[in-house]
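Visitor: Got a structure for you, written out below as structure tokens; questions coming shortly.
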Amino acid sequence: MNNKPAILGGKPIFDELLSITRPSLPELEEIKSQLEDTFTSGILTNGKYVVEFEQRCAEYLGVENAIAVSSATTGLILVEKALGLNGEVIMPSFTFTATCLSLNWNNLETIYIDCQPETFTLNPILVEKAIAANTCAILAVCIFGNPPDMEILDNLAKDYRLKLIFDSAHGFGTKYKDRLIGGFGDAEVFSLTPTKPLTAGEGGLITTNDKDLAQKLRLMRNYGVESDYDCELIGLNARMLEFSAILGLKNLSTIEEKINHRNNLAQNYKTRLSKLPGIEFQEINEGCRSTFKDFAILIDEAAFGLNRNELALALEKENIQTRQYFSPPVHLQKAYRHFYPKYKEELTNTLKISSNILCLPISGEMKIEELEKVCEAIYQIHRFSDEIRRKKLGEQLLVSR
Ligand SMILES: Cc1ncc(COP(=O)(O)O)c(C=O)c1O
């Protein structure tokens with residue numbers, strides 16, 4: 001790239017939009033016979049593919065029970081309900097809205113805790129400080145595939161007799177200290193949407209080593225009804241489609257390959273971008289493996305020459321899609337800010353990360369040449385940052401006239 005950045009009138013580095021992510025899909029031929037089987041039998045839910053998907057996921061993750069559901073959101077809502085939570089739940093504000101709304105659907109109070117500046121995960125020291133008489137659970141989140149401090153949180157939950165749930169929506173394939181996650185806490189919940197490391201189209205997976213909880217959840221994902229219409233528990237319709245299970249099963253067979261690829265891409269991004277000033281990276285907890293569901297960078301405006309929003313705009317002009325996850329953080333979102341007075345601490349790290357974060361394209365399908373071009377574009381934008389600034393200031397002056 002030796003022309004000017006597209007924001008200054010140069011030719012965009014990509015002719016067509018490079019999406020932030022691309023789902024991993026098998027060839028249609030590879031799942032055609034199973035799809036035909038489903039069409040012929042007419043069994044679209046509560047069928048054998050969901051059962052097989054659950055068994056294979058449980059084997060892969062090394063957990064006793066896996067319960068397939070329609071989404072991670074419904075999975076979280078069901079787990080919290082099945083555990084009979086009542087009172088306050090401690091959670092991070094640096095997360096996606098679904099973590100929080102699952103608690104609201106269960107009429108639970110949310111206590112937001114700051115995250116750690118390096119790993120972006122929940123700070124266990126602050127969790128312990130926030131535990132009060134009416135705390136009933138901790139809901140920790142795997143951020144972009146980086147696991148929180150699961151053992152420390154486990155010990156805390158045991159010491160204070162709290163329930164512990166992991167929102168592992170980003171973490172199918174994450175390792176905590178060399179062990180695949182899935183069996184930590186009372187339950188974990190994974191998401192299987194198209195942006196996730198393992199996709200089933202749409203869907204979620206609850207995992208737990210608690211047999212009774214698993215039994216309850218199987219009932220609750222089906223309204224709370226067993227085989228007759230005498231409803232035993234209050235549940236939801238949160239069943240997974242057979243089509244999703246077929247796709248999930250096929251993708252499960254390549255999950256290790258895809259996660260290794262994501263890790264290689266992340267390493268490559270770091271090597272290239274660390275040569276530039278003003279770019280920091282999320283640190284992965286020691287001895288852990290991230291899925292790199294997202295690859296996040298933090299922009300230090302003074303050192304890089306542009307702020308996060310300006311860089312995002314300049315990349316958009318290059319036909320490179322980026323995302324600002326999670327900005328705003330949950331506690332500042334319209335639906336949740338009225339809970340603010342309940343906070344016990346300023347969420348300083350959360351605010352700083354949310355204001356400076358930018359997620360770059362990554363997926364199990366991304367080509368290394370695409371990554372090289374993204375990095376090249378960032379280099380060039382940095383090189384011309386003064387000119388971009390002047391142009392932007394000029395535009396602002398024109399607008400304000
Ligand atoms: C941290 C987190 N939790 C929960 C969810 C909800 O997952 P789903 O879309 O499967 O309901 C998401 C979705 O991206 C997420 O990012």
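Chain labels A, B, ... are given in the sequence in which chains occur in the structure tokens; within each chain residues are numbered consecutively from 1, and ligands are likewise numbered from 1 in the order shown.
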Could you list, with a cut-off of 7 Å and counting only C-alpha atoms and all ligand atoms, the residues of chain A near ligand 1, each shown with its nearest atom pair and the distance in Å rounded to one decimal, rows sorted by chain and ascending number, as JSON lines?

Guide:
```
{"residue": "A:Ser71", "atom": "CA", "partner": "ligand 1", "partner_atom_place_in_ligand_line": "10 (O)", "distance": 3.9}
{"residue": "A:Ala72", "atom": "CA", "partner": "ligand 1", "partner_atom_place_in_ligand_line": "10 (O)", "distance": 3.8}
{"residue": "A:Thr73", "atom": "CA", "partner": "ligand 1", "partner_atom_place_in_ligand_line": "11 (O)", "distance": 3.7}
{"residue": "A:Thr74", "atom": "CA", "partner": "ligand 1", "partner_atom_place_in_ligand_line": "11 (O)", "distance": 6.5}
{"residue": "A:Thr95", "atom": "CA", "partner": "ligand 1", "partner_atom_place_in_ligand_line": "1 (C)", "distance": 5.4}
{"residue": "A:Phe96", "atom": "CA", "partner": "ligand 1", "partner_atom_place_in_ligand_line": "1 (C)", "distance": 4.7}
{"residue": "A:Ala98", "atom": "CA", "partner": "ligand 1", "partner_atom_place_in_ligand_line": "4 (C)", "distance": 4.7}
{"residue": "A:Thr99", "atom": "CA", "partner": "ligand 1", "partner_atom_place_in_ligand_line": "3 (N)", "distance": 4.9}
{"residue": "A:Val141", "atom": "CA", "partner": "ligand 1", "partner_atom_place_in_ligand_line": "1 (C)", "distance": 6.2}
{"residue": "A:Cys142", "atom": "CA", "partner": "ligand 1", "partner_atom_place_in_ligand_line": "1 (C)", "distance": 6.9}
{"residue": "A:Ile143", "atom": "CA", "partner": "ligand 1", "partner_atom_place_in_ligand_line": "1 (C)", "distance": 6.7}
{"residue": "A:Asp167", "atom": "CA", "partner": "ligand 1", "partner_atom_place_in_ligand_line": "3 (N)", "distance": 5.7}
{"residue": "A:Ser168", "atom": "CA", "partner": "ligand 1", "partner_atom_place_in_ligand_line": "1 (C)", "distance": 6.9}
{"residue": "A:Ala169", "atom": "CA", "partner": "ligand 1", "partner_atom_place_in_ligand_line": "3 (N)", "distance": 4.9}
{"residue": "A:His170", "atom": "CA", "partner": "ligand 1", "partner_atom_place_in_ligand_line": "16 (O)", "distance": 6.3}
{"residue": "A:Ser191", "atom": "CA", "partner": "ligand 1", "partner_atom_place_in_ligand_line": "10 (O)", "distance": 4.0}
{"residue": "A:Leu192", "atom": "CA", "partner": "ligand 1", "partner_atom_place_in_ligand_line": "10 (O)", "distance": 5.8}
{"residue": "A:Thr193", "atom": "CA", "partner": "ligand 1", "partner_atom_place_in_ligand_line": "10 (O)", "distance": 5.5}
{"residue": "A:Glu202", "atom": "CA", "partner": "ligand 1", "partner_atom_place_in_ligand_line": "10 (O)", "distance": 6.6}
{"residue": "A:Gly203", "atom": "CA", "partner": "ligand 1", "partner_atom_place_in_ligand_line": "10 (O)", "distance": 5.6}
{"residue": "A:Gly204", "atom": "CA", "partner": "ligand 1", "partner_atom_place_in_ligand_line": "10 (O)", "distance": 5.4}
```

Visitor: May I have the residues within 12 Å of Lys270 in chain A as a list in words, using only C-alpha atoms and disregarding those fewer than 4 positions away in the same chain?

Guide: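 These residues fall inside the cut-off: Asn263, Asn264, Leu265, Ala266, Ser274, Lys275, Leu276, Ile279, Glu280, Phe281, Gln282, Glu283, Phe295, Ala296, Ile297, Leu298, Leu360, Leu371, Glu372 and Cys375 of chain A.
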
Visitor: Between CA of Asn46 in chain A and CA of Leu180 in chain A, measure the distance and give it in Å to one decimal.

Guide: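 The value is 27.3 Å.
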
Visitor: Which residue gives the smallest distance to Phe184 in chain A among A:Thr208, A:Thr199, A:Gln215, A:Asn146, with only C-alpha atoms counted?

Guide: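 Selected residue with least distance to Phe184 in chain A: A:Thr208.
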
Visitor: Would you work out the distance separating CA of Phe326 in chain A from CA of Ser244 in chain A, expressed in Å to one decimal?

Guide: 27.2 Å

Visitor: Find the spatial neighbours of range 384-386 of chain A, counting only C-alpha atoms, within a cut-off of 12 Å - ignore same-chain residues fewer than 6 positions away - and output them as a list in words.

Guide: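 Final neighbour list, sorted by chain and number: Asn2, Asn3, Lys4, Pro5, Ala6, Ile7, Leu8, Gly9, Gly10, Glu301, Ala302, Ala303, Phe304, Gly305, Leu306, Asn307, Glu310, Leu311, Ala314, Ala377, Ile378, Lys392 and Leu393 of chain A.
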
Visitor: In terms of the shortest atom-to-atom distance over only C-alpha atoms, which of A:Leu83, A:Ile152, A:Ile131, A:Ala157 is closest to Asp210 in chain A?

Guide: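 Counting only C-alpha atoms, the residue closest to Asp210 in chain A is A:Leu83.
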
Visitor: Determine, counting only C-alpha atoms, which protein, DNA and RNA residues have an atom within 8 Å of an atom of range 89-92 of chain A; residues of the same chain fewer than 5 positions away are not included. Present the result as a VMD selection string.

Guide: chain A and resid 100 103 108 to 115 121 to 122 127 130 to 131 135 to 141

Visitor: For Leu78 in chain A, find every residue with an atom within 12 Å (counting only C-alpha atoms), except residues of its own chain fewer than 3 positions away, and show them as an MDAnalysis selection string.

Guide: chainID A and resid 67:75 81:85 102:103 105:106 165 187:189 204:206 213:214 216:224 233:239
